[in-house]
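Have a look at entry_2.cif below; it lists mmCIF, C-alpha atoms.
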data_input
loop_
_atom_site.label_atom_id
_atom_site.label_comp_id
_atom_site.auth_asym_id
_atom_site.auth_seq_id
_atom_site.Cartn_x
_atom_site.Cartn_y
_atom_site.Cartn_z
CA MET A 1 36.82 28.28 -22.97
CA PRO A 2 39.34 31.02 -22.09
CA ALA A 3 42.96 30.02 -22.07
CA GLN A 4 44.58 29.47 -18.70
CA PRO A 5 47.29 32.00 -17.78
CA VAL A 6 50.84 30.76 -17.93
CA TYR A 7 53.12 31.62 -14.99
CA ALA A 8 56.88 31.87 -15.06
CA ARG A 9 57.34 29.61 -12.02
CA PRO A 10 55.17 26.96 -10.39
CA ILE A 11 52.80 28.07 -7.66
CA PRO A 12 53.32 26.39 -4.25
CA PRO A 13 50.36 24.42 -2.98
CA GLY A 14 47.94 26.62 -1.10
CA ALA A 15 49.48 29.90 -2.33
CA ALA A 16 47.45 32.49 -4.22
CA PRO A 17 48.45 33.12 -7.86
CA PRO A 18 50.19 36.39 -8.61
CA GLY A 19 48.10 39.38 -9.40
CA PRO A 20 45.30 41.18 -7.64
CA THR A 21 43.06 39.12 -5.38
CA PRO A 22 39.60 38.66 -6.83
CA PRO A 23 36.80 40.47 -5.01
CA GLY A 24 35.31 38.47 -2.19
CA ALA A 25 38.24 36.06 -1.99
CA GLY A 26 39.33 35.19 1.50
CA ALA A 27 42.79 34.96 2.99
CA ALA A 28 45.18 32.41 1.52
CA TYR A 29 47.69 30.60 3.78
CA SER A 30 51.15 29.76 2.53
CA PRO A 31 52.76 26.92 4.52
CA ALA A 32 56.15 27.62 3.00
CA ALA A 33 56.26 31.26 4.13
CA GLY A 34 54.27 30.75 7.34
CA ARG A 35 52.27 33.90 6.71
CA VAL A 36 48.67 34.87 6.24
CA THR A 37 47.90 36.96 3.14
CA PRO A 38 44.72 38.98 3.67
CA ALA A 39 42.42 39.95 0.82
CA SER A 40 43.99 43.40 0.71
CA GLY A 41 47.34 41.90 -0.28
CA ALA A 42 49.19 42.96 2.95
CA VAL A 43 51.51 40.46 4.60
CA ALA A 44 51.03 39.87 8.35
CA PRO A 45 54.09 38.34 10.08
CA VAL A 46 53.58 35.36 12.33
CA ARG A 47 54.33 35.98 16.04
CA PHE A 48 57.53 34.31 17.24
CA VAL A 49 56.84 31.48 19.69
CA HIS A 50 59.26 31.04 22.62
CA PRO A 51 59.29 27.44 23.93
CA PHE A 52 59.27 26.99 27.72
CA GLY A 53 58.27 23.39 28.38
CA ASN A 54 57.21 22.42 31.88
CA VAL A 55 56.98 25.60 33.95
CA GLY A 56 58.37 24.10 37.16
CA VAL A 57 61.39 22.57 35.41
CA TYR A 58 61.88 25.76 33.43
CA LEU A 59 62.01 27.94 36.58
CA LEU A 60 64.45 25.56 38.27
CA CYS A 61 66.67 25.73 35.18
CA ARG A 62 66.62 29.52 35.25
CA PHE A 63 67.60 29.53 38.93
CA GLY A 64 70.45 27.09 38.26
CA ALA A 65 71.68 29.23 35.35
CA PHE A 66 71.63 32.29 37.62
CA VAL A 67 73.71 30.53 40.28
CA ILE A 68 76.32 29.48 37.70
CA ASP A 69 76.49 32.82 35.88
CA VAL A 70 76.78 34.94 39.05
CA PHE A 71 78.21 32.95 41.96
CA ALA A 72 80.19 30.16 40.28
CA VAL A 73 81.81 32.41 37.66
CA THR A 74 82.61 35.06 40.29
CA PHE A 75 84.24 32.42 42.50
CA LEU A 76 86.21 31.16 39.49
CA PHE A 77 87.60 34.63 38.72
CA ALA A 78 88.43 35.04 42.42
CA THR A 79 90.60 31.92 42.37
CA PHE A 80 92.51 33.27 39.37
CA GLY A 81 93.01 36.55 41.26
CA LEU A 82 94.35 34.78 44.33
CA GLN A 83 96.73 32.75 42.20
CA MET A 84 98.06 35.91 40.56
CA SER A 85 98.48 37.59 43.95
CA THR A 86 100.70 34.72 45.10
CA GLY A 87 103.21 35.68 42.43
CA GLY A 88 102.96 39.37 43.29
CA ASN A 89 101.21 40.42 40.10
CA LEU A 90 98.15 41.83 41.87
CA ALA A 91 98.94 44.20 44.71
CA PHE A 92 95.32 44.49 45.87
CA ALA A 93 94.71 40.76 46.23
CA GLY A 94 96.21 40.25 49.66
CA HIS A 95 94.84 38.39 52.66
CA ASP A 96 92.98 41.01 54.68
CA ALA A 97 89.45 42.39 54.66
CA THR A 98 90.18 45.32 52.33
CA SER A 99 92.03 43.21 49.78
CA PHE A 100 89.34 40.54 49.89
CA THR A 101 86.65 43.15 49.21
CA LEU A 102 88.52 44.55 46.21
CA LEU A 103 89.15 41.06 44.87
CA MET A 104 85.47 40.09 45.13
CA LEU A 105 84.34 43.31 43.45
CA ALA A 106 86.80 42.76 40.60
CA ALA A 107 85.70 39.14 40.18
CA LEU A 108 82.02 40.12 40.22
CA GLY A 109 82.65 42.80 37.60
CA ALA A 110 84.45 40.30 35.38
CA ALA A 111 81.55 37.85 35.72
CA ALA A 112 79.03 40.58 34.79
CA LEU A 113 81.11 41.60 31.77
CA LEU A 114 81.31 38.01 30.59
CA LEU A 115 77.53 37.68 30.96
CA VAL A 116 76.91 40.81 28.85
CA ILE A 117 79.28 39.69 26.09
CA SER A 118 78.00 36.12 25.88
CA GLU A 119 74.32 37.08 25.90
CA GLY A 120 74.79 40.00 23.52
CA LEU A 121 76.79 38.08 20.93
CA PHE A 122 75.60 34.48 21.32
CA GLY A 123 72.24 34.82 23.05
CA THR A 124 73.28 32.55 25.90
CA SER A 125 75.74 32.19 28.78
CA LEU A 126 77.59 29.41 30.56
CA GLY A 127 74.72 28.72 32.94
CA LYS A 128 72.10 28.91 30.20
CA LEU A 129 74.09 26.52 28.03
CA VAL A 130 74.28 23.97 30.83
CA PHE A 131 70.51 24.14 31.45
CA GLY A 132 69.50 24.41 27.79
CA LEU A 133 68.23 28.01 27.79
CA HIS A 134 68.48 30.83 25.26
CA VAL A 135 67.67 34.54 25.50
CA ARG A 136 66.15 36.36 22.52
CA ARG A 137 64.21 39.49 21.83
CA THR A 138 60.43 39.21 21.90
CA ASN A 139 60.35 39.05 18.09
CA GLY A 140 62.94 36.26 18.00
CA ASN A 141 65.95 38.36 16.95
CA TRP A 142 69.32 38.43 18.66
CA VAL A 143 69.63 40.40 21.87
CA GLY A 144 72.64 42.60 21.16
CA PRO A 145 75.13 44.09 23.63
CA GLY A 146 72.95 47.06 24.60
CA ARG A 147 69.92 45.01 25.66
CA ALA A 148 72.19 42.46 27.34
CA LEU A 149 73.83 45.23 29.38
CA LEU A 150 70.45 46.63 30.42
CA ARG A 151 69.06 43.30 31.62
CA THR A 152 72.33 42.57 33.47
CA LEU A 153 72.25 45.92 35.31
CA LEU A 154 68.63 45.35 36.31
CA LEU A 155 69.54 41.95 37.72
CA VAL A 156 70.21 43.65 41.06
CA VAL A 157 66.64 45.00 41.10
CA ASP A 158 65.28 41.56 40.22
CA VAL A 159 67.17 39.87 43.04
CA LEU A 160 66.11 42.41 45.66
CA LEU A 161 62.49 42.82 44.50
CA LEU A 162 59.96 40.75 42.56
CA GLY A 163 62.07 39.27 39.76
CA PRO A 164 61.47 35.60 40.60
CA ILE A 165 57.75 36.18 41.17
CA LEU A 166 57.35 38.00 37.85
CA ALA A 167 59.23 35.24 36.04
CA ALA A 168 56.81 32.71 37.51
CA VAL A 169 53.48 34.44 36.86
CA THR A 170 53.90 36.47 33.64
CA PRO A 171 52.86 34.83 30.35
CA ARG A 172 56.38 34.96 28.86
CA HIS A 173 58.14 34.46 32.22
CA GLN A 174 59.86 37.85 32.05
CA ARG A 175 61.57 39.50 34.97
CA VAL A 176 62.06 43.27 35.36
CA GLY A 177 65.21 43.26 33.21
CA ASP A 178 63.40 41.35 30.47
CA PHE A 179 60.51 43.84 30.43
CA PHE A 180 62.79 46.85 30.02
CA ALA A 181 65.15 45.15 27.54
CA GLY A 182 62.36 43.49 25.55
CA THR A 183 63.82 40.00 25.91
CA VAL A 184 62.51 36.52 26.68
CA VAL A 185 64.41 33.53 28.07
CA GLY A 186 63.19 30.32 26.47
CA ARG A 187 64.32 26.83 25.74
CA SER A 188 67.29 26.44 23.40
CA ARG A 189 66.50 25.41 19.84
CA ILE A 190 69.28 22.84 19.80
CA GLY A 191 67.89 20.98 22.83
CA TRP A 192 70.20 18.57 24.61
CA LEU A 193 73.14 19.62 22.43
CA SER A 194 73.18 22.86 24.39
CA THR A 195 73.69 20.94 27.65
CA LEU A 196 76.51 18.88 26.14
CA LEU A 197 78.21 22.02 24.87
CA GLY A 198 77.88 23.68 28.28
CA ILE A 199 79.35 20.68 30.09
CA ALA A 200 82.27 20.61 27.66
CA ILE A 201 82.99 24.31 28.30
CA VAL A 202 82.79 23.77 32.08
CA ALA A 203 85.32 20.93 31.75
CA LEU A 204 87.71 23.12 29.76
CA VAL A 205 87.39 25.98 32.26
CA GLY A 206 88.03 23.61 35.17
CA TYR A 207 91.13 22.27 33.44
CA ALA A 208 92.38 25.83 32.88
CA GLN A 209 91.77 26.64 36.53
CA ILE A 210 93.88 23.67 37.60
CA LEU A 211 96.73 24.70 35.29
CA TYR A 212 96.69 28.49 35.77
CA GLY A 213 94.37 29.20 38.68
CA GLY A 214 95.96 27.22 41.49
CA GLY A 215 93.45 24.36 41.53
CA VAL A 216 92.11 23.19 44.87
CA THR A 217 94.54 25.32 46.89
CA THR A 218 93.22 28.68 45.72
CA ALA A 219 89.64 27.39 45.83
CA LEU A 220 90.01 26.46 49.51
CA THR A 221 91.78 29.76 50.24
CA ALA A 222 88.99 31.78 48.64
CA ALA A 223 86.37 29.78 50.53
CA ALA A 224 88.20 30.25 53.85
CA GLU A 225 88.59 34.01 53.35
CA GLY A 226 84.92 34.26 52.42
CA ALA A 227 83.93 32.44 55.60
CA THR A 228 86.15 34.82 57.59
CA TYR A 229 85.29 38.20 56.09
CA LEU A 230 81.69 37.87 54.90
CA PRO A 231 80.31 37.69 58.49
CA GLN A 232 82.26 40.88 59.26
CA PHE A 233 80.60 42.60 56.31
CA TYR A 234 77.23 41.44 57.57
CA ARG A 235 77.86 42.79 61.06
CA ALA A 236 79.14 46.09 59.63
CA ALA A 237 76.01 46.40 57.49
CA SER A 238 73.76 45.72 60.49
CA ILE A 239 75.40 48.36 62.73
CA PRO A 240 73.14 51.25 61.55
CA PHE A 241 70.09 49.18 62.43
CA ALA A 242 71.49 48.12 65.82
CA ALA A 243 72.31 51.74 66.76
CA VAL A 244 68.66 52.82 66.81
CA PRO A 245 67.77 53.74 70.46
CA THR A 246 65.07 51.64 72.06
CA ALA A 247 63.05 51.95 75.25
CA SER A 248 64.37 50.41 78.45
CA PRO A 249 62.99 46.89 79.00
CA TYR A 250 62.53 47.69 82.70
CA GLY A 251 60.14 50.60 82.30
CA LEU A 252 62.40 53.55 83.15
CA PRO A 253 65.60 54.67 81.41
CA GLY A 254 68.60 53.36 83.29
CA ALA A 255 66.56 51.07 85.52
CA VAL A 256 68.32 47.90 86.65
CA PRO A 257 66.40 44.80 87.74
CA GLN A 258 66.81 43.45 91.23
CA GLY A 259 69.85 41.23 91.51
CA ALA A 260 71.58 42.69 88.42
CA SER A 261 74.57 45.00 88.56
CA ALA A 262 74.47 48.39 86.93
CA PRO A 263 76.76 49.04 83.95
CA PRO A 264 80.13 50.64 84.73
CA ASP A 265 79.15 54.03 83.31
CA ALA A 266 75.78 54.13 85.04
CA THR A 267 75.29 57.11 87.36
CA PRO A 268 73.22 56.37 90.47
CA ALA A 269 70.02 58.30 90.69
CA ALA A 270 69.96 61.16 93.18
CA GLY A 271 67.69 60.64 96.18
CA PRO A 272 67.43 61.11 99.94
CA THR A 273 70.13 59.42 101.97
CA GLU A 274 69.86 58.12 105.50
CA ALA A 275 72.51 58.78 108.07
CA PRO A 276 73.93 55.74 109.85
CA PRO A 277 72.36 55.11 113.23
CA ALA A 278 74.15 56.56 116.22
CA ALA A 279 76.12 54.21 118.39
CA THR A 280 74.02 53.67 121.47
CA GLY A 281 73.56 50.94 123.95
CA VAL A 282 70.19 50.05 122.48
CA PRO A 283 70.30 47.25 119.85
CA SER A 284 69.74 48.55 116.38
CA ALA A 285 66.54 47.50 114.64
CA ALA A 286 68.37 46.99 111.37
CA THR A 287 71.02 44.60 112.68
CA ASP A 288 71.25 41.83 115.15
CA THR A 289 74.53 43.05 116.65
CA PRO A 290 74.09 43.30 120.44
CA ALA A 291 74.91 46.52 122.23
CA ILE A 292 78.12 46.78 124.13
CA ALA A 293 77.56 45.37 127.64
CA PRO A 294 79.14 47.04 130.73
CA SER A 295 82.39 45.44 131.79
CA ASP A 296 82.58 43.37 134.99
CA ALA A 297 86.01 44.75 135.84
CA PRO A 298 86.07 46.98 138.90
CA ALA A 299 86.12 50.61 138.19
CA GLU A 300 89.18 52.57 139.08
CA SER A 301 88.89 54.13 142.48
CA THR A 302 89.29 57.82 142.52
CA PRO A 303 91.07 59.01 145.59
CA ALA A 304 88.66 60.95 147.70
CA ALA A 305 89.40 64.46 148.58
CA THR A 306 91.12 64.71 151.98
CA GLU A 307 89.99 67.16 154.46
CA THR A 308 92.47 69.62 155.55
CA GLY A 309 92.33 70.70 159.11
#

Can you give me the file's structure in the form of structure tokens?
Amino acid sequence: MPAQPVYARPIPPGAAPPGPTPPGAGAAYSPAAGRVTPASGAVAPVRFVHPFGNVGVYLLCRFGAFVIDVFAVTFLFATFGLQMSTGGNLAFAGHDATSFTLLMLAALGAAALLLVISEGLFGTSLGKLVFGLHVRRTNGNWVGPGRALLRTLLLVVDVLLLGPILAAVTPRHQRVGDFFAGTVVGRSRIGWLSTLLGIAIVALVGYAQILYGGGVTTALTAAAEGATYLPQFYRAASIPFAAVPTASPYGLPGAVPQGASAPPDATPAAGPTEAPPAATGVPSAATDTPAIAPSDAPAESTPAATETG
């Protein structure tokens, strides 16, 4: 009987021994490495699996994370800006429409920058932490700042177009930004610990807002200014659509319905005019005013011509 070969280290269960694979031998699976070794000796990597869980709950979590990362964080930065403007440190953060616009743009830019940094370096954000989500590349690697910036810039396209629909129907629940950046948003690997960590960070941020951001006062001020100026922005944006000329609802341009008064700048249409009826003793057909009746007073007597003899 030939002697068995002696190996330098023990062979894991299920793994093929070192050396060339005998002819006709099939593929050997190694549970430790999680790979399939074909007969040719090449190593085929296993595809990374992104966990999603229940699709309905998953989509609701993504929507909640979006609301926190965009609207809540923007509002938080706005309160800090209003608090700094009270002390005179920010000249553009006043209390008129122009200052409110600049403040909101600055707060939105700060929220977008925070989203890029957190996703690029940690693979998550404040909203994703709270709802137990994590963003990775399709192969499971970290996203990186470049891909995080690309998917953040394309967030505007996703909101205005088919981002939510694509996230609901595609196999990996990818929106437009995920397709171009090569990323997938899945469930966090640490599970409920992610939610606890997110809640703890929200508590710390809220405490910092009370100490340095003005607390409830600036929050109510920002909400009141938003309720005042946002409708003005909406009306200003709808002016180009309202200025499109439309046909007259009464059939002819400038026509006015019976019983309605013409606008002040309306010019009456030219047409034949009728002269007023002459004053005669015959009653007018248009009015019921009786004609002037002859007076009963005696007429003045005219002295008759005297004959001269």

Between A:Leu129, A:Ala181, A:Met84, A:Val135, which residue has the minimum interatomic distance to Ala200 in chain A, considering all atoms listed in the file?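 With all atoms listed in the file as the atom set, the closest residue is A:Leu129.
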
What separates CA of Leu60 in chain A and CA of Gly206 in chain A is a distance of 23.9 Å

Show which residues sit within 8 Å of Ile68 in chain A, as a ChimeraX atom specification. Count all atoms listed in the file, and ignore same-chain residues fewer than 4 positions away. /A:64,72-73,126-127

Care to translate the PyMOL selection byres ((chain A and resi 155) around 12) into actual residues of this file, as a VMD selection string? chain A and resid 66 69 to 70 112 115 to 116 148 to 154 156 to 164 174 to 181

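A straight line drawn from CA of Gly109 in chain A to CA of Val143 in chain A is 20.6 Å long.
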
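On the file presented, the PyMOL selection byres ((chain A and resi 48-55) around 7) picks out Val46, Arg47, Gly56, Val57, Tyr58, Leu59, Asn139, Gly140, Gly186 and Arg187 of chain A.
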
Run through the PyMOL selection byres ((chain A and resi 106) around 12) on the given coordinates and return the selected residues as an NGL selection string. :A and (73-82 or 90 or 92-93 or 99-105 or 107-113)

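Picture a line from CA of Gly215 in chain A to CA of Ala227 in chain A; it runs 18.8 Å.
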
May I have the residues within 7 Å of Val185 in chain A as an mmCIF file with C-alpha atoms, keeping the file's coordinate frame, using only C-alpha atoms and disregarding those fewer than 4 positions away in the same chain?
data_model
loop_
_atom_site.group_PDB
_atom_site.id
_atom_site.type_symbol
_atom_site.label_atom_id
_atom_site.label_comp_id
_atom_site.auth_asym_id
_atom_site.auth_seq_id
_atom_site.Cartn_x
_atom_site.Cartn_y
_atom_site.Cartn_z
ATOM 1 C CA LEU A 133 68.230 28.010 27.790
ATOM 2 C CA HIS A 134 68.480 30.830 25.260
ATOM 3 C CA VAL A 135 67.670 34.540 25.500
ATOM 4 C CA ARG A 136 66.150 36.360 22.520
#
